[in-house]
Amino acid sequence: MNKTISKSQKEKLSVLAMLDAEDSKIAANPGFNAQANKTGEFETMFQASTQDQDFRVGDVVTGKVVEVQSDYVLVDINYKSEGLIPINEFRIVDGVRQVKVGETVEVLIDRIENENGMIALSKDKADMLRAWTDISKAAENEEIIEGTVIAKVKGGLSVDIGVKAFLPGSQIDLRPVRNMDVYLGKKYKFKVIKFNKKRGNIVLSRRAILESERDNLKAQTADTMKEGATVVGLVKNITDYGAFIDLGGIDGLLHITDMSWGRIKHPSEVISVGAEINVKILKYDTEKERVSLGMKQLTEDPWAAVQSQFPIGSKAKGKIVSLAEYGAFVELGNGIEGLIHVSEMSWTKRVKHANQIVQVDQEVDVQVLAIDFENRKISLGMKQLQANPWVEMKESYPPGTIIEGEVKSITDFGVFIGIEDGIDGLVHISDFSWTKRVNHPSEMFAKGAKVRAVVLGVDTENERFSLGVKQLESDPWSQIETKYGIGTQHEVKVTKTVDFGAFVELESDIEGLIHISELTTEKIATVEDAVKVGSKIKAEVISIDKDARKVGLSAKLVTLRDQKANVDDYAKKVATTAKTSFGDMFGDQLKGLKKD
């Protein structure tokens, strides 16, 4: 600043030079006060030189850059002295200060004269004043202004529109904004929704402009919305279940199931945000303004050719695309999938989960078993491409063949015995014994034990191998009428007493029933009044039901016969009733005992 000489200082030096030239004339007149006269003329001439313009603090004027220094820029505003503007009020672009000698700038008068006699100017304040004027006009006339987002602030963004303005988070976009960083440094159009120059408060809205644009677009788009029409849209947002497509002021939903005829795990496999895509209008609800869109509908449905491409019984090759406990889904072609149920994976293995046999992305050979066109389902099989071992088993193990195998598993209804690799035979609980009542298979068998059994049959269709253990011996009931004919008397042992009578053992595992009315000739209230468990008594066979395996006896008849009473009529009567009501009662009560 030491080298700077103000315009007023230059003018004062010029006036002083003029006065010095007149000094000799003034000195020739002895009665004249030279000093006073010199000072008066100097002030008069200086004041005259500064009366061209009337400048006041706060005025905005135009000036010309006359010099650019390291700290200040000198500007001639046609005043008695140049004005000074701090150099930092001029922007730097690409490392170059945006100011040069000779250019015109608009400035605000900050101070008339500083300590150096220079006028203080401000370009920033002139720009701000002009900006406030423009903003005030825009707010009053609801005009649109442009600005650049410069920073994130609490609750929103700071925008440079000539002065700093506030853009609330709720006014940034049509939808809530999660990441405000993407707006930094970008230029947008705004609407002034709040303006207070006195407080320096300006609030902007970008959302108001977007809503207006959307409404205009919506009105135009709604006229072209027709179900079945193909339109162009912009992918606006992607979710797990689909994507929202901007059709021009109206958003439509493209569900993941309508993106491709084939299987996709996520919409991002097919489309991306910002992409322009063709879609078909599937449904348009004018009242709710809801639009359902489809993309796969723009191509031919692959299921139209399924019948000719994959006829039932044909062989095909495909890739495993998904696994479930009950089976594996195979992609046979684009948009065509079939299911291999676990029961169709192996002839011999009991498959609990599909991953025991196949894995995702594995190539497999399959056979088409069935097609459900209505539900778009294809049933596939793997085992059908291999020889069926059950057919060979039926030939190798005809009924009556005796086998020996290990008990593989025990269930409530029987035991499974290993026959060959992967094939087990079932001995049902009813085929354990001819005579013994078995409550649970574990009473007779243990896992891992070796067991001999007889082949009863092989069901190739249902893949069942039936075995029997009791068939290894002859059925004692086949000789029951010979050994225990009606009218024969036998010493029996009481094995169990119930309310309606006593069960007795004729021989090992063969039981009979003596009804309470046939226990004694005496009147009794309970069975225990006549017999006890373990006691031995003599009884006469009065009925035999070979098919139901029931024997009815009477101790009362034995007593009467011993007394030489005439019991022929009574015996006939008992035998008759024993085959009907007594026999039915015996069977019903016996079922009740088995349940217990």
# chains A, B, ... in the order shown; residues from 1 in each chain; ligands from 1
>>> select_by_dssp(residues="range 332-386 of chain A", states="strand (DSSP E)", output="ChimeraX atom specification")
/A:332-333,336-341,363-372,377-381
>>> residues_around(residues="Asp372 in chain A", least_positions_apart="4", cutoff="12 Å", atoms="only C-alpha atoms", output="list in words")
Trp303, Val306, Gln307, Pro311, Ile312, Glu337, Gly338, Leu339, Val368, Arg376, Lys377, Ile378, Ser379 and Leu380 of chain A
>>> write_last_selection(atoms="N, CA and C atoms", output="PDB file, in the first residue's frame")
ATOM      1  N   TRP A 303     -44.176 -71.452 -21.920  1.00  0.00           N
ATOM      2  CA  TRP A 303     -45.040 -72.582 -21.606  1.00  0.00           C
ATOM      3  C   TRP A 303     -45.951 -72.947 -22.780  1.00  0.00           C
ATOM      4  N   VAL A 306     -44.410 -76.036 -24.220  1.00  0.00           N
ATOM      5  CA  VAL A 306     -43.957 -77.077 -23.292  1.00  0.00           C
ATOM      6  C   VAL A 306     -44.387 -78.472 -23.735  1.00  0.00           C
ATOM      7  N   GLN A 307     -45.634 -78.586 -24.171  1.00  0.00           N
ATOM      8  CA  GLN A 307     -46.160 -79.909 -24.514  1.00  0.00           C
ATOM      9  C   GLN A 307     -45.386 -80.558 -25.659  1.00  0.00           C
ATOM     10  N   PRO A 311     -42.639 -83.648 -23.982  1.00  0.00           N
ATOM     11  CA  PRO A 311     -43.767 -84.592 -23.835  1.00  0.00           C
ATOM     12  C   PRO A 311     -43.539 -85.560 -22.674  1.00  0.00           C
ATOM     13  N   ILE A 312     -44.637 -86.033 -22.103  1.00  0.00           N
ATOM     14  CA  ILE A 312     -44.546 -86.966 -20.970  1.00  0.00           C
ATOM     15  C   ILE A 312     -43.818 -88.235 -21.408  1.00  0.00           C
ATOM     16  N   GLU A 337     -39.460 -74.685 -15.453  1.00  0.00           N
ATOM     17  CA  GLU A 337     -38.859 -75.453 -14.362  1.00  0.00           C
ATOM     18  C   GLU A 337     -39.701 -76.671 -14.045  1.00  0.00           C
ATOM     19  N   GLY A 338     -39.037 -77.681 -13.539  1.00  0.00           N
ATOM     20  CA  GLY A 338     -39.740 -78.874 -13.095  1.00  0.00           C
ATOM     21  C   GLY A 338     -39.250 -79.283 -11.722  1.00  0.00           C
ATOM     22  N   LEU A 339     -40.012 -80.124 -11.046  1.00  0.00           N
ATOM     23  CA  LEU A 339     -39.660 -80.582  -9.699  1.00  0.00           C
ATOM     24  C   LEU A 339     -39.372 -82.074  -9.686  1.00  0.00           C
ATOM     25  N   VAL A 368     -39.563 -86.773 -17.925  1.00  0.00           N
ATOM     26  CA  VAL A 368     -40.810 -86.035 -17.669  1.00  0.00           C
ATOM     27  C   VAL A 368     -41.883 -87.038 -17.264  1.00  0.00           C
ATOM     28  N   ARG A 376     -48.770 -74.666 -14.089  1.00  0.00           N
ATOM     29  CA  ARG A 376     -47.409 -74.539 -14.616  1.00  0.00           C
ATOM     30  C   ARG A 376     -46.416 -75.377 -13.805  1.00  0.00           C
ATOM     31  N   LYS A 377     -46.731 -76.651 -13.681  1.00  0.00           N
ATOM     32  CA  LYS A 377     -45.863 -77.557 -12.930  1.00  0.00           C
ATOM     33  C   LYS A 377     -45.500 -78.765 -13.776  1.00  0.00           C
ATOM     34  N   ILE A 378     -44.230 -79.142 -13.672  1.00  0.00           N
ATOM     35  CA  ILE A 378     -43.753 -80.342 -14.370  1.00  0.00           C
ATOM     36  C   ILE A 378     -43.125 -81.275 -13.339  1.00  0.00           C
ATOM     37  N   SER A 379     -43.596 -82.510 -13.309  1.00  0.00           N
ATOM     38  CA  SER A 379     -43.031 -83.513 -12.404  1.00  0.00           C
ATOM     39  C   SER A 379     -41.950 -84.284 -13.141  1.00  0.00           C
ATOM     40  N   LEU A 380     -40.789 -84.366 -12.506  1.00  0.00           N
ATOM     41  CA  LEU A 380     -39.645 -85.034 -13.120  1.00  0.00           C
ATOM     42  C   LEU A 380     -39.159 -86.196 -12.261  1.00  0.00           C
TER      43      LEU A 380
END
>>> closest_residue(among="A:Leu293, A:Ile135, A:Leu174, A:Ile514", to="Ile209 in chain A", atoms="only C-alpha atoms")
A:Leu174
>>> residues_around(residues="range 273-282 of chain A", least_positions_apart="3", cutoff="8 Å", atoms="only C-alpha atoms", output="list in words")
Met225, Lys226, Glu227, Gly228, Ala229, Thr230, Val231, Val232, Gly233, Leu234, Val235, Lys236, Asn237, Ile238, Val291, Ser292, Leu293, Gly294, Met295, Gln297 and Leu298 of chain A
>>> residues_around(residues="Lys125 in chain A", least_positions_apart="3", cutoff="8 Å", atoms="only C-alpha atoms", output="ChimeraX atom specification")
/A:107-108,122,128-129
>>> select_by_dssp(residues="range 446-489 of chain A", states="alpha helix (DSSP H)", output="list in words")
Ile480, Glu481, Thr482 and Lys483 of chain A
>>> residues_around(residues="Met393 in chain A", least_positions_apart="6", cutoff="12 Å", atoms="only C-alpha atoms", output="ChimeraX atom specification")
/A:347-348,387,399,401,419-425,455,457-460,463-466
>>> write_last_selection(atoms="N, CA and C atoms", output="compact mmCIF listing (two decimals), in the first residue's frame")
# COMPACT_ATOMS: atom_id res chain seq x y z
N TRP A 347 -34.36 -95.42 -6.35
CA TRP A 347 -35.23 -96.57 -6.16
C TRP A 347 -35.08 -97.16 -4.76
N THR A 348 -33.90 -97.03 -4.18
CA THR A 348 -33.62 -97.76 -2.95
C THR A 348 -33.38 -96.88 -1.72
N ALA A 387 -32.31 -98.85 -13.95
CA ALA A 387 -33.06 -100.10 -13.84
C ALA A 387 -33.77 -100.15 -12.49
N PRO A 399 -42.69 -115.36 -3.00
CA PRO A 399 -43.30 -115.62 -1.69
C PRO A 399 -42.89 -117.00 -1.17
N THR A 401 -39.91 -117.53 0.26
CA THR A 401 -38.45 -117.56 0.40
C THR A 401 -38.07 -117.15 1.81
N ILE A 419 -32.52 -106.35 3.36
CA ILE A 419 -32.53 -107.45 2.40
C ILE A 419 -31.30 -107.35 1.50
N GLU A 420 -31.22 -106.24 0.76
CA GLU A 420 -30.07 -105.93 -0.08
C GLU A 420 -29.74 -104.45 0.12
N ASP A 421 -28.66 -104.01 -0.52
CA ASP A 421 -28.22 -102.63 -0.34
C ASP A 421 -29.33 -101.65 -0.68
N GLY A 422 -29.79 -100.92 0.33
CA GLY A 422 -30.81 -99.90 0.12
C GLY A 422 -32.23 -100.40 0.16
N ILE A 423 -32.45 -101.70 0.27
CA ILE A 423 -33.81 -102.24 0.29
C ILE A 423 -34.04 -102.99 1.60
N ASP A 424 -35.09 -102.58 2.30
CA ASP A 424 -35.46 -103.23 3.57
C ASP A 424 -36.83 -103.86 3.42
N GLY A 425 -37.03 -104.92 4.18
CA GLY A 425 -38.33 -105.56 4.22
C GLY A 425 -39.00 -105.31 5.55
N VAL A 455 -40.55 -114.43 3.11
CA VAL A 455 -41.03 -113.42 2.15
C VAL A 455 -42.52 -113.65 1.92
N GLY A 457 -44.36 -111.15 0.13
CA GLY A 457 -44.67 -110.58 -1.18
C GLY A 457 -43.84 -109.33 -1.44
N VAL A 458 -43.68 -109.00 -2.74
CA VAL A 458 -42.97 -107.78 -3.16
C VAL A 458 -43.91 -106.94 -4.01
N ASP A 459 -44.22 -105.70 -3.54
CA ASP A 459 -45.09 -104.77 -4.25
C ASP A 459 -44.20 -103.78 -5.01
N THR A 460 -44.00 -104.04 -6.32
CA THR A 460 -43.09 -103.19 -7.11
C THR A 460 -43.63 -101.78 -7.29
N GLU A 463 -43.26 -100.12 -3.95
CA GLU A 463 -41.91 -100.36 -3.44
C GLU A 463 -41.93 -100.85 -1.99
N ARG A 464 -42.65 -101.97 -1.78
CA ARG A 464 -42.77 -102.56 -0.45
C ARG A 464 -42.39 -104.04 -0.48
N PHE A 465 -41.63 -104.42 0.53
CA PHE A 465 -41.16 -105.80 0.67
C PHE A 465 -41.73 -106.32 1.99
N SER A 466 -42.70 -107.23 1.91
CA SER A 466 -43.38 -107.73 3.11
C SER A 466 -42.78 -109.06 3.58
>>> closest_residue(among="A:Ile357, A:Ala139, A:Ile542, A:Met259", to="Glu344 in chain A", atoms="only C-alpha atoms")
A:Ile357
>>> closest_residue(among="A:Ser170, A:Thr435, A:Gln367, A:Ser136", to="Lys194 in chain A", atoms="only C-alpha atoms")
A:Ser136
>>> residues_around(residues="Val407 in chain A", least_positions_apart="3", cutoff="12 Å", atoms="only C-alpha atoms", output="PyMOL selection string")
chain A and resi 404+410-411+414-419+424-427+441-442+444-453
>>> closest_residue(among="A:Val203, A:Met180, A:Val366, A:Leu217", to="Leu167 in chain A", atoms="only C-alpha atoms")
A:Val203
>>> closest_residue(among="A:Arg206, A:Lys186, A:Lys523, A:Arg437", to="Ser508 in chain A", atoms="only C-alpha atoms")
A:Arg437
>>> atom_distance(atom1="CA of Lys319 in chain A", atom2="CA of Val360 in chain A")
7.7 Å
>>> closest_residue(among="A:Lys189, A:Lys317, A:Lys288, A:Lys483", to="Ser205 in chain A", atoms="only C-alpha atoms")
A:Lys189
